[in-house]
Structure formats: structure tokens, C-alpha cells
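> To be precise about what I am sending: the file is called coords.csv and holds CSV, C-alpha atoms.
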chain,number,residue,atom,x,y,z
A,104,MET,CA,0.0,0.0,0.0
A,105,MET,CA,1.3,3.4,-1.0
A,106,THR,CA,2.0,5.7,1.9
A,107,LEU,CA,2.6,9.4,2.3
A,108,ASP,CA,5.7,10.8,4.0
A,109,GLN,CA,5.3,14.2,5.7
A,110,LYS,CA,9.1,14.8,5.2
A,111,LYS,CA,8.6,14.8,1.5
A,112,LEU,CA,5.7,17.3,1.5
A,113,TYR,CA,5.7,21.0,2.2
A,114,ARG,CA,4.2,21.8,5.6
A,115,LEU,CA,1.9,24.8,5.1
A,116,PRO,CA,3.2,27.6,7.3
A,117,TRP,CA,-0.1,29.1,8.4
A,118,ASP,CA,-0.8,30.0,12.0
A,119,GLN,CA,-3.1,32.1,14.1
A,120,ARG,CA,-1.1,35.3,13.5
A,121,ASN,CA,-0.6,34.8,9.7
A,122,SER,CA,-3.5,32.9,8.1
A,123,PRO,CA,-4.5,33.2,4.5
A,124,GLY,CA,-8.2,33.4,5.3
A,125,GLY,CA,-10.7,34.4,8.0
A,126,TRP,CA,-14.2,33.1,8.4
A,127,ILE,CA,-17.5,34.9,9.1
A,128,GLU,CA,-20.9,33.4,9.5
A,129,ILE,CA,-23.6,35.9,8.6
A,130,THR,CA,-26.7,33.6,9.4
A,131,ASP,CA,-27.3,30.2,10.7
A,132,ARG,CA,-30.5,29.8,8.7
A,133,CYS,CA,-30.3,27.3,5.8
A,134,ASP,CA,-32.7,26.1,3.1
A,135,LEU,CA,-31.2,22.6,3.0
A,136,SER,CA,-30.4,20.0,5.6
A,137,CYS,CA,-27.0,18.4,5.0
A,138,ARG,CA,-26.0,15.3,6.9
A,139,GLY,CA,-22.4,16.5,7.4
A,140,CYS,CA,-23.3,20.0,8.6
A,141,TYR,CA,-22.0,21.3,12.0
A,142,ARG,CA,-24.4,24.2,12.4
A,143,HIS,CA,-27.6,24.5,14.3
A,144,THR,CA,-30.2,27.2,13.8
A,145,LEU,CA,-30.0,29.3,17.0
A,146,GLU,CA,-29.8,33.0,16.2
A,147,GLY,CA,-30.9,33.7,12.6
A,148,ASP,CA,-29.4,36.6,10.7
A,149,ARG,CA,-26.6,38.6,12.2
A,150,SER,CA,-26.6,42.4,12.0
A,151,LEU,CA,-24.5,44.2,9.3
A,152,GLU,CA,-22.7,46.2,12.0
A,153,THR,CA,-21.6,43.0,13.9
A,154,ILE,CA,-20.5,41.3,10.7
A,155,CYS,CA,-18.4,44.3,9.7
A,156,SER,CA,-16.9,44.6,13.1
A,157,ASP,CA,-15.8,40.9,12.9
A,158,VAL,CA,-14.3,41.5,9.4
A,159,VAL,CA,-12.1,44.3,10.8
A,160,ALA,CA,-11.0,42.3,13.8
A,161,LEU,CA,-10.2,39.2,11.7
A,162,GLN,CA,-8.1,41.3,9.3
A,163,GLN,CA,-6.1,42.7,12.1
A,164,ALA,CA,-5.7,39.5,14.0
A,165,LEU,CA,-4.9,37.1,11.2
A,166,ASN,CA,-3.2,39.3,8.6
A,167,CYS,CA,-5.5,37.4,6.2
A,168,GLU,CA,-5.9,37.8,2.4
A,169,THR,CA,-9.4,36.5,2.1
A,170,ILE,CA,-12.7,36.3,4.1
A,171,ALA,CA,-15.0,33.3,3.7
A,172,ILE,CA,-18.7,34.3,4.0
A,173,ALA,CA,-20.5,31.3,5.3
A,174,GLY,CA,-23.5,30.1,7.3
A,175,GLY,CA,-26.0,28.6,7.4
A,176,GLU,CA,-26.8,29.6,3.9
A,177,PRO,CA,-25.4,33.1,3.3
A,178,LEU,CA,-27.5,33.7,0.2
A,179,LEU,CA,-30.5,34.0,2.6
A,180,HIS,CA,-29.1,37.1,4.3
A,181,PRO,CA,-30.9,40.2,3.0
A,182,ARG,CA,-27.8,42.4,3.1
A,183,LEU,CA,-25.3,40.0,1.5
A,184,PRO,CA,-24.3,42.4,-1.3
A,185,GLU,CA,-23.4,45.1,1.3
A,186,ILE,CA,-21.4,42.5,3.2
A,187,VAL,CA,-19.4,41.6,0.1
A,188,SER,CA,-18.9,45.2,-0.7
A,189,PHE,CA,-17.6,46.0,2.8
A,190,ILE,CA,-15.1,43.2,2.7
A,191,ALA,CA,-13.8,44.1,-0.8
A,192,GLY,CA,-13.6,47.7,0.2
A,193,ARG,CA,-11.0,46.8,2.9
A,194,GLY,CA,-8.7,45.2,0.3
A,195,LEU,CA,-9.8,41.7,1.1
A,196,LYS,CA,-11.1,39.0,-1.2
A,197,PRO,CA,-14.6,37.9,-0.3
A,198,ARG,CA,-15.3,34.2,-0.9
A,199,LEU,CA,-18.9,32.9,-0.7
A,200,LEU,CA,-19.5,29.4,0.6
A,201,THR,CA,-23.0,28.4,-0.5
A,202,ASN,CA,-25.1,25.5,-1.5
A,203,GLY,CA,-26.3,27.6,-4.5
A,204,HIS,CA,-29.9,26.5,-4.1
A,205,CYS,CA,-31.3,30.0,-4.4
A,206,LEU,CA,-28.6,31.5,-6.6
A,207,THR,CA,-29.8,33.1,-9.8
A,208,PRO,CA,-27.7,34.6,-12.6
A,209,GLU,CA,-29.0,38.0,-11.6
A,210,LEU,CA,-27.9,37.6,-8.0
A,211,ALA,CA,-24.6,36.2,-9.0
A,212,ALA,CA,-24.0,39.3,-11.2
A,213,THR,CA,-25.0,41.6,-8.3
A,214,LEU,CA,-22.4,39.9,-6.0
A,215,LYS,CA,-19.7,40.2,-8.6
A,216,LYS,CA,-20.4,43.9,-9.0
A,217,ALA,CA,-20.1,44.2,-5.2
A,218,GLY,CA,-16.6,42.7,-5.4
A,219,LEU,CA,-17.1,39.0,-4.8
A,220,ALA,CA,-13.8,37.1,-5.7
A,221,ALA,CA,-15.0,33.5,-5.6
A,222,PHE,CA,-18.0,31.2,-5.3
A,223,HIS,CA,-17.5,27.9,-3.5
A,224,PHE,CA,-20.4,25.6,-3.9
A,225,HIS,CA,-21.2,22.8,-1.5
A,226,VAL,CA,-22.7,19.9,-3.5
A,227,ASP,CA,-23.1,16.3,-2.4
A,228,TYR,CA,-25.6,13.6,-2.6
A,229,GLN,CA,-26.7,13.8,1.1
A,230,GLN,CA,-28.0,17.3,1.2
A,231,ASN,CA,-31.7,16.6,0.9
A,232,ARG,CA,-31.8,18.9,-2.1
A,233,PRO,CA,-35.2,19.2,-3.7
A,234,GLY,CA,-35.2,17.4,-7.1
A,235,TRP,CA,-31.9,15.6,-6.4
A,236,THR,CA,-32.7,13.0,-3.7
A,237,GLY,CA,-31.8,9.5,-4.7
A,238,LYS,CA,-29.1,10.7,-7.2
A,239,ASP,CA,-25.5,9.7,-6.7
A,240,GLU,CA,-22.4,11.9,-7.0
A,241,GLN,CA,-21.9,11.2,-10.6
A,242,GLU,CA,-25.4,12.4,-11.4
A,243,HIS,CA,-24.7,15.5,-9.2
A,244,ASN,CA,-22.0,16.4,-11.7
A,245,THR,CA,-24.9,17.9,-13.8
A,246,LEU,CA,-25.6,20.3,-10.9
A,247,ARG,CA,-22.0,21.1,-10.5
A,248,GLN,CA,-21.8,21.9,-14.2
A,249,HIS,CA,-24.8,24.2,-13.9
A,250,TYR,CA,-23.1,26.3,-11.2
A,251,ALA,CA,-19.7,26.2,-13.0
A,252,ASP,CA,-21.3,27.5,-16.2
A,253,MET,CA,-23.1,30.3,-14.3
A,254,VAL,CA,-20.0,31.6,-12.7
A,255,PHE,CA,-18.0,31.2,-15.9
A,256,GLN,CA,-20.5,33.4,-17.7
A,257,LEU,CA,-19.8,36.2,-15.1
A,258,GLY,CA,-16.1,36.3,-16.0
A,259,GLY,CA,-13.4,37.3,-13.5
A,260,VAL,CA,-14.8,35.3,-10.5
A,261,GLU,CA,-13.2,32.1,-9.3
A,262,CYS,CA,-15.2,28.9,-8.9
A,263,GLY,CA,-14.7,25.9,-6.5
A,264,PHE,CA,-16.7,23.1,-5.0
A,265,TYR,CA,-16.9,21.3,-1.7
A,266,THR,CA,-18.1,17.7,-1.3
A,267,THR,CA,-18.5,15.8,1.9
A,268,VAL,CA,-17.2,12.2,1.4
A,269,TYR,CA,-19.0,9.4,3.1
A,270,ARG,CA,-18.2,5.7,3.1
A,271,SER,CA,-21.1,5.2,0.8
A,272,SER,CA,-19.7,7.6,-1.7
A,273,LEU,CA,-16.0,6.7,-1.7
A,274,ASP,CA,-16.4,4.9,-5.0
A,275,GLN,CA,-17.9,8.0,-6.5
A,276,ILE,CA,-14.8,10.1,-6.0
A,277,PRO,CA,-13.2,9.3,-9.4
A,278,HIS,CA,-16.4,10.5,-11.2
A,279,ILE,CA,-16.2,13.9,-9.5
A,280,VAL,CA,-12.4,14.2,-10.2
A,281,ARG,CA,-12.9,13.3,-13.9
A,282,TRP,CA,-15.6,15.9,-14.1
A,283,LEU,CA,-13.2,18.5,-12.5
A,284,HIS,CA,-10.5,17.8,-15.0
A,285,LYS,CA,-12.9,18.4,-17.9
A,286,ASN,CA,-13.5,21.9,-16.6
A,287,PRO,CA,-10.1,23.5,-15.9
A,288,HIS,CA,-11.1,26.8,-17.5
A,289,LYS,CA,-14.2,27.0,-15.3
A,290,VAL,CA,-13.3,25.4,-12.0
A,291,GLN,CA,-10.2,26.2,-10.0
A,292,HIS,CA,-10.5,23.8,-7.0
A,293,LEU,CA,-12.3,20.9,-5.4
A,294,SER,CA,-12.4,20.2,-1.7
A,295,LEU,CA,-13.2,16.7,-0.6
A,296,ILE,CA,-14.1,16.8,3.1
A,297,VAL,CA,-14.3,13.4,4.8
A,298,PHE,CA,-17.4,13.0,7.0
A,299,ARG,CA,-16.7,13.7,10.7
A,300,GLY,CA,-18.7,13.9,13.9
A,301,LEU,CA,-18.5,13.4,17.6
A,302,PRO,CA,-18.3,9.7,18.7
A,303,ASP,CA,-21.5,9.0,20.7
A,304,THR,CA,-20.4,5.9,22.6
A,305,PRO,CA,-20.4,4.8,26.2
A,306,ALA,CA,-16.6,4.9,26.1
A,307,ILE,CA,-16.5,8.7,25.8
A,308,THR,CA,-18.2,11.5,27.7
A,309,TYR,CA,-17.9,15.2,27.0
A,310,HIS,CA,-17.1,18.0,29.4
A,311,VAL,CA,-17.1,21.8,29.1
A,312,ASN,CA,-15.2,23.8,31.7
A,313,GLY,CA,-14.9,20.7,33.9
A,314,ARG,CA,-18.6,19.8,33.9
A,315,PRO,CA,-20.2,17.0,31.9
A,316,VAL,CA,-22.6,18.0,29.0
A,317,ASP,CA,-25.2,16.0,27.0
A,318,ILE,CA,-24.3,16.0,23.3
A,319,ARG,CA,-27.5,14.3,22.3
A,320,GLN,CA,-28.8,17.7,21.1
A,321,MET,CA,-26.0,18.1,18.6
A,322,ARG,CA,-26.6,17.0,15.1
A,323,THR,CA,-22.9,15.9,14.7
A,324,ARG,CA,-23.0,13.0,17.1
A,325,VAL,CA,-22.4,9.7,15.4
A,326,ALA,CA,-23.1,6.3,17.0
A,327,ASP,CA,-21.4,4.2,14.2
A,328,THR,CA,-17.8,5.3,14.6
A,329,HIS,CA,-16.8,3.4,11.5
A,330,GLU,CA,-18.6,6.1,9.5
A,331,ILE,CA,-16.2,8.8,10.9
A,332,THR,CA,-12.8,7.1,10.4
A,333,ILE,CA,-12.2,7.8,6.8
A,334,ARG,CA,-8.7,9.4,6.5
A,335,SER,CA,-7.3,11.9,4.0
A,336,GLU,CA,-4.9,9.2,2.8
A,337,ASP,CA,-7.8,6.9,2.0
A,338,VAL,CA,-9.3,9.5,-0.4
A,339,TRP,CA,-5.9,10.2,-1.9
A,340,ARG,CA,-5.3,6.6,-2.7
A,341,ILE,CA,-8.6,6.3,-4.5
A,342,ILE,CA,-7.8,9.3,-6.6
A,343,ASN,CA,-4.3,8.1,-7.3
A,344,ASP,CA,-5.5,4.6,-8.3
A,345,HIS,CA,-7.7,6.1,-11.0
A,346,PHE,CA,-5.5,9.1,-11.9
A,347,PRO,CA,-1.9,7.9,-11.4
A,348,GLY,CA,0.6,10.6,-10.5
A,349,SER,CA,-1.8,12.5,-8.3
A,350,TRP,CA,0.8,13.2,-5.7
A,351,PRO,CA,0.1,15.7,-2.9
A,352,SER,CA,2.6,18.5,-2.5
A,353,ALA,CA,1.6,20.2,0.8
A,354,TYR,CA,-0.2,19.4,4.0
A,355,THR,CA,-1.3,20.6,7.4
A,356,PRO,CA,-0.8,18.2,10.4
A,357,GLY,CA,-3.1,17.6,13.3
A,358,THR,CA,-2.7,19.1,16.8
A,359,ALA,CA,-3.3,16.0,18.9
A,360,ALA,CA,-2.0,13.6,16.3
A,361,PRO,CA,0.7,15.4,14.3
A,362,GLU,CA,1.1,12.4,12.0
A,363,THR,CA,-2.3,12.9,10.5
A,364,PHE,CA,-2.9,14.8,7.3
A,365,LYS,CA,-5.7,17.3,8.1
A,366,PHE,CA,-5.2,19.1,4.9
A,367,LEU,CA,-3.7,17.6,1.7
A,368,VAL,CA,-3.1,19.6,-1.4
A,369,ILE,CA,-2.9,18.1,-4.9
A,370,PRO,CA,-2.0,20.8,-7.5
A,371,TYR,CA,-2.6,19.7,-11.1
A,372,ILE,CA,-1.2,21.2,-14.3
A,373,GLY,CA,-3.1,20.7,-17.5
A,374,SER,CA,-5.1,21.9,-20.4
A,375,LYS,CA,-8.7,21.4,-21.4
A,376,LYS,CA,-7.8,18.1,-23.0
A,377,GLN,CA,-5.4,16.5,-20.5
A,378,ILE,CA,-3.5,16.7,-17.2
A,379,PHE,CA,0.3,16.9,-17.6
A,380,GLY,CA,1.2,16.3,-14.0
A,381,THR,CA,1.3,18.0,-10.6
A,382,ALA,CA,3.4,20.7,-9.1
A,383,GLY,CA,5.8,19.5,-6.4
A,384,PRO,CA,6.5,20.8,-2.9
A,385,VAL,CA,9.2,23.2,-4.0
A,386,THR,CA,6.7,24.9,-6.4
A,387,ILE,CA,4.2,25.3,-3.6
A,388,LYS,CA,6.8,26.6,-1.2
A,389,MET,CA,8.4,29.1,-3.6
A,390,GLY,CA,5.1,30.3,-4.9
A,391,LEU,CA,3.7,31.0,-1.5
A,392,TRP,CA,6.9,32.7,-0.3
A,393,VAL,CA,7.2,34.9,-3.4
A,394,LEU,CA,3.6,36.0,-3.0
A,395,ARG,CA,4.2,36.7,0.7
A,396,LEU,CA,7.3,38.7,-0.2
A,397,PHE,CA,5.3,41.2,-2.2
A,398,SER,CA,2.0,41.2,-0.3
A,399,ARG,CA,3.3,40.3,3.2
A,400,LYS,CA,0.4,37.8,3.4
A,401,TYR,CA,0.0,34.1,2.8
A,402,ALA,CA,-2.3,33.0,0.0
A,403,ILE,CA,-4.5,30.0,-0.2
A,404,ALA,CA,-2.5,27.5,-2.4
A,405,ALA,CA,-5.7,26.4,-4.1
A,406,ARG,CA,-5.7,29.2,-6.6
A,407,GLU,CA,-2.4,31.1,-6.7
A,408,PHE,CA,-0.6,29.3,-9.5
A,409,GLY,CA,-2.8,30.0,-12.5
A,410,VAL,CA,0.0,31.7,-14.5
A,411,GLY,CA,-0.2,29.8,-17.8
A,412,LYS,CA,2.9,28.3,-19.3
A,413,LYS,CA,5.1,30.4,-16.9
A,414,ILE,CA,4.5,27.8,-14.3
A,415,PHE,CA,6.8,25.5,-16.2
A,416,LEU,CA,9.7,27.7,-15.1
A,417,PHE,CA,9.5,26.0,-11.8
A,418,ALA,CA,10.9,22.9,-13.6
A,419,LEU,CA,14.3,24.4,-13.0
A,420,ILE,CA,14.0,23.6,-9.3
A,421,ASP,CA,11.1,21.1,-9.0
A,422,GLY,CA,11.5,17.5,-10.1
A,423,ARG,CA,7.8,16.9,-10.3
A,424,MET,CA,7.4,20.0,-12.5
A,425,ARG,CA,10.1,18.7,-14.8
A,426,GLN,CA,8.1,15.5,-15.3
A,427,ALA,CA,5.0,17.6,-16.1
A,428,LEU,CA,7.0,19.7,-18.5
A,429,LYS,CA,8.3,16.5,-20.2
A,430,THR,CA,4.8,15.2,-20.6
A,431,TYR,CA,3.7,18.6,-22.1
A,432,LEU,CA,6.6,18.6,-24.6
A,433,LYS,CA,5.9,15.1,-25.7
A,434,CYS,CA,2.3,16.2,-26.4
A,435,VAL,CA,3.6,19.2,-28.4
A,436,ILE,CA,5.9,17.0,-30.5
A,437,ARG,CA,3.0,14.7,-31.3
A,438,ASN,CA,0.7,17.6,-32.0
A,439,PRO,CA,2.2,21.1,-32.3
A,440,SER,CA,-1.3,22.6,-32.0
A,441,VAL,CA,-1.0,21.9,-28.3
A,442,LEU,CA,1.3,25.0,-28.1
A,443,ALA,CA,-1.8,27.1,-28.7
A,444,GLU,CA,-3.7,25.6,-25.8
A,445,LYS,CA,-3.9,27.5,-22.5
A,446,ILE,CA,-2.4,25.9,-19.4
A,447,TYR,CA,-4.5,25.8,-16.3
A,448,THR,CA,-4.0,24.8,-12.7
A,449,GLN,CA,-6.6,23.0,-10.5
A,450,THR,CA,-6.2,22.0,-6.9
A,451,ILE,CA,-7.8,19.2,-5.0
A,452,ASN,CA,-7.9,19.8,-1.2
A,453,ILE,CA,-8.6,16.7,0.9
A,454,GLN,CA,-9.7,17.6,4.4
A,455,GLN,CA,-9.9,15.6,7.6
A,456,PRO,CA,-11.9,17.9,9.9
A,457,LEU,CA,-12.4,17.9,13.7
A,458,GLU,CA,-12.1,14.4,15.2
A,459,VAL,CA,-11.5,12.6,18.5
A,460,ILE,CA,-8.3,10.6,18.5
A,461,SER,CA,-7.1,8.8,21.6
A,462,GLY,CA,-9.4,10.8,23.7
A,463,LYS,CA,-8.3,14.2,22.4
A,464,MET,CA,-9.7,16.7,19.9
A,465,ASN,CA,-7.5,16.6,16.8
A,466,LEU,CA,-7.7,19.9,15.1
A,467,CYS,CA,-5.9,21.4,12.1
A,468,ASP,CA,-2.5,22.7,13.2
A,469,GLY,CA,-2.8,25.8,11.0
A,470,CYS,CA,-6.5,26.5,10.6
A,471,VAL,CA,-7.6,28.6,7.6
A,472,ASN,CA,-11.1,29.0,9.1
A,473,TYR,CA,-10.6,31.0,12.3
A,474,MET,CA,-13.6,33.1,13.2
A,475,LEU,CA,-14.7,35.3,16.1
A,476,HIS,CA,-17.0,34.3,18.9
A,477,GLU,CA,-17.6,37.0,21.6
A,478,GLY,CA,-14.3,38.5,20.7
A,479,GLU,CA,-12.3,35.3,20.8
A,480,LEU,CA,-10.7,33.5,17.9
A,481,VAL,CA,-12.2,30.0,17.5
A,482,HIS,CA,-12.1,27.2,14.9
A,483,SER,CA,-15.3,27.5,12.8
A,484,CYS,CA,-15.9,23.8,13.2
A,485,ARG,CA,-16.2,24.3,17.0
A,486,LEU,CA,-18.5,27.3,17.0
A,487,ASP,CA,-21.6,25.5,18.1
A,488,GLU,CA,-19.8,24.0,21.1
A,489,TYR,CA,-19.4,27.6,22.3
A,490,ARG,CA,-22.9,28.6,21.4
A,491,MET,CA,-24.6,25.6,22.9
A,492,PHE,CA,-22.4,24.8,25.9
A,493,GLY,CA,-20.3,27.9,26.6
A,494,GLY,CA,-17.0,26.5,25.6
A,495,PRO,CA,-15.1,23.8,23.7
A,496,LEU,CA,-15.9,20.2,24.3
A,497,VAL,CA,-13.3,18.1,26.0
A,498,PRO,CA,-13.7,14.3,25.4
A,499,VAL,CA,-13.1,12.1,28.4
A,500,GLN,CA,-12.4,8.5,27.6
A,501,SER,CA,-13.6,5.9,30.1
A,502,ASP,CA,-11.6,2.8,31.0
A,503,ASP,CA,-14.8,0.9,30.9
A,504,PRO,CA,-16.0,0.5,27.3
A,505,ARG,CA,-19.5,-0.7,28.2
Output the file's structure in the form of C-alpha cells.

Amino acid sequence: MMTLDQKKLYRLPWDQRNSPGGWIEITDRCDLSCRGCYRHTLEGDRSLETICSDVVALQQALNCETIAIAGGEPLLHPRLPEIVSFIAGRGLKPRLLTNGHCLTPELAATLKKAGLAAFHFHVDYQQNRPGWTGKDEQEHNTLRQHYADMVFQLGGVECGFYTTVYRSSLDQIPHIVRWLHKNPHKVQHLSLIVFRGLPDTPAITYHVNGRPVDIRQMRTRVADTHEITIRSEDVWRIINDHFPGSWPSAYTPGTAAPETFKFLVIPYIGSKKQIFGTAGPVTIKMGLWVLRLFSRKYAIAAREFGVGKKIFLFALIDGRMRQALKTYLKCVIRNPSVLAEKIYTQTINIQQPLEVISGKMNLCDGCVNYMLHEGELVHSCRLDEYRMFGGPLVPVQSDDPR
């Protein structure tokens, strides 16, 4: 079995003082009910003033380049265009995380005019989406294409997709990746997020500030722990089996289990017709540091290397890029018209979210989704622990497994 060696990958350098992105949630209302969702409807829409205040504080605390606008479903907030405009007006890049269910071409155009930099659509087969129940991930590619085409028509706005991966959909991953590679001019990234939840077993109890709490009211509790043990490496192996050479280049480790891959980055180089290879760790490292040199900020690796054929210059220092260049030149020799084709980059991010490992919460050591709760920076995946219990959950493992 192929294994990944952290020593051969670039450890992404993000931390709480220098993160590429901040995260705001403008509402906890939603028009869908996704199995993998962490959020509960407790407060409704947040005020524009509070949202803007959080944006300013996040920019100062994180030195971030982008702000993710999330929820709930942010499209339901009546003042979304104003929120986007405020973020863009501060020199930040607003990214909208949405299920897209109520997005229209007219609203998309309004958000672009307000300064939106990117749409990130959450599409998977367990969203209870009207008209799509009973359809698998391959069939959902039709919906993904609908949103990709809509954003492409806007021009100048990036497009990405999020998909929650369940054990029942592992075999569907190659269909999603194949669709991705057919749309390099329309879709810049795909995030595959393995399903996670809180183990709800007699062996573990949960405490907040030293007192036990009842997690039965949380939608993320899972009795069948086999469902929440998919690893990032499992997803990568499936991809690599069907698309050989899909080697990750960068990663983020876990806090409680540093050997885990909480965030794996696979950066592809290709054209509309084929993939030539992947960028290596040296390309990712040098690209991020050059951008930081000029902007004094880290960028999200998923989208920063769309520089056409210039990316092949990294072949001078990156062995994996040399292999991609060789493949490209062979294609040119066979068919010189390939020289006229535009070169694109696409990134697959594989994420292994919040989990309990050996009785401890294993978080991303270098979170890109920090947000504010009552003036304190928290991981966005833990927000409802604070909202519902007043603080982060601490798992306590019993010696008696009964």
C-alpha cells in the first residue's frame, strides 16, 4: 500500500497570526439539511454592524488575504451584497460558501459587482436537495456543471466546489475528479471533506469547563464510529489509483495527532484536453513565499498558480514540475497545436476535519477557518460548542468501554 511521508511534503506555514483566510458566518438559517453540517439554527441573521466589526477584527488578528462568507446559507441574508462590498472595500477578497440552491444569474452578477472574488459551492448527494434526492455523486455532476457554467458566464470570478465524502460515496470520487478535469477553465478547485462527527459511545463522555454535558442535542453526534474514520490518505489513494501521479505536495498536520494529514493539497497542471502532471512541494513553497514577499500575506495555495505556461519555469527547481514539462513537450511533439492551448491549474484539497483521536480533539494545526465568537478566535468547526455549551468540548475516555 502506498503511503505518504510528511518529510517529502511542504508543511503549510499558516498560524493564528498569519493565516491566508478568515471566516465569518452571517446567518445560521439554511434552506437545505446536509448530513455533514456542523451548524444549528439558534440565532438567525446577524446584523450588518456586527459582521463588519468581525471582518475588521479578523483582518487585524490574522493578517489574512481572504474572508470566507459562510452560514447557514449566506444567500438567505438580506444584506449580502453590502457585506461583500464592505469586505472588498477593505482590500480583502470575499469568498462565498454556498449550497447555491437559491442562486440566480442576476444575484450572481450583483455579487460580482459588489466585489465577490469566488464562489465555493457545497454539492453532495446527502444534502436533501429538492429534485436531487436519490441521485449519486456522478449524477450530481450535472448540478456542479450548472453552477460552474453560471460563474464562468460572469467572468473574473473564481469557482470551486466542496463535497462531503461518506463511506457510501468513496467509490464515486473518481467520477467527481474526472468531471473536474474536464473543466479546468471553469473550476479552480475541489475540496473533498471526509465525514466527521462526535463519537457518541459509552466509552466517551464530554465536558465543558470541567462539567459533563449532554451532546444528544448536537446534530454531529455519530453512534457508528466506522462512519467517521475515513482518512485523507484513503481519499488520496482512491484518486491516485484512478489518476496515477496525483501526488500531494503540501499538508497541514493535526494538533493531537501530528502524524495525521488534516489538509492535503494536490495541484494539477493541464489543459482542457489532459492533465500533464502535478506541481511539487518546491513549487508550492516558492510560490507562497514569493507572494508573501510582495503582499506580506499568505495566500491559499488552491488558486495562486494560474499563471499559464510560466508555471513550467519551476521545472528548474522542482523535479515533479520537470516531469509535467516533459509530458507537455511530448504532447507538443506529437501535435504542435498543443502549443496554442492554454495551461491551467486546478487544486484538490482533501480535508480531515475535527475528530476525536485517543481521547483528544485533533484539530488542524494551521487552521484557515478561524472566526470570532464573543471577541475570541475559535475554529469555525467548533463554533456550536461555544454557542450551545459555553466553551469547547473536552472528550473524556472511560476505561470501561461498556
> For the atom pair atom CA of Gln119 of chain A and atom CA of Gly175 of chain A, what is the interatomic distance in Å to one decimal place?
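For atom CA of Gln119 of chain A relative to atom CA of Gly175 of chain A, the distance reads 24.1 Å.
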> Neighbouring residues of His223 of chain A were defined as those with any atom within 7 Å, considering all atoms listed in the file; residues of the same chain fewer than 5 positions away were excluded. Please report them as a tab-separated table (two decimals) with C-alpha atoms, in the frame of the given file.

chain	number	residue	atom	x	y	z
A	199	LEU	CA	-18.90	32.90	-0.70
A	200	LEU	CA	-19.50	29.40	0.60
A	201	THR	CA	-23.00	28.40	-0.50
A	262	CYS	CA	-15.20	28.90	-8.90
A	263	GLY	CA	-14.70	25.90	-6.50
A	264	PHE	CA	-16.70	23.10	-5.00
A	265	TYR	CA	-16.90	21.30	-1.70
> Would you list the contacts of segment 310-320 of chain A as a VMD selection string, taking every protein, DNA or RNA residue within 6 Å and counting only C-alpha atoms, but skipping same-chain residues closer than 4 positions in sequence?
chain A and resid 494 496 to 497
> Work out how far apart atom CA of Thr267 of chain A and atom CA of Gly234 of chain A are and give it in Å to one decimal.
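Interatomic distance here is 19.0 Å.
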> Find the residues of segment 116-223 of chain A that sit at most 6 Å from segment 457-473 of chain A; for each, write down the nearest two atoms and how far apart they are in Å, to one decimal. Count all atoms listed in the file. Sort by chain, then by number going up, and give it as JSON lines.

{"residue": "A:Trp117", "atom": "CA", "partner": "A:Gly469", "partner_atom": "CA", "distance": 5.0}
{"residue": "A:Asp118", "atom": "CA", "partner": "A:Gly469", "partner_atom": "CA", "distance": 4.8}
{"residue": "A:Ser122", "atom": "CA", "partner": "A:Val471", "partner_atom": "CA", "distance": 6.0}
{"residue": "A:Gly124", "atom": "CA", "partner": "A:Val471", "partner_atom": "CA", "distance": 5.4}
{"residue": "A:Gly125", "atom": "CA", "partner": "A:Tyr473", "partner_atom": "CA", "distance": 5.5}
{"residue": "A:Trp126", "atom": "CA", "partner": "A:Asn472", "partner_atom": "CA", "distance": 5.2}
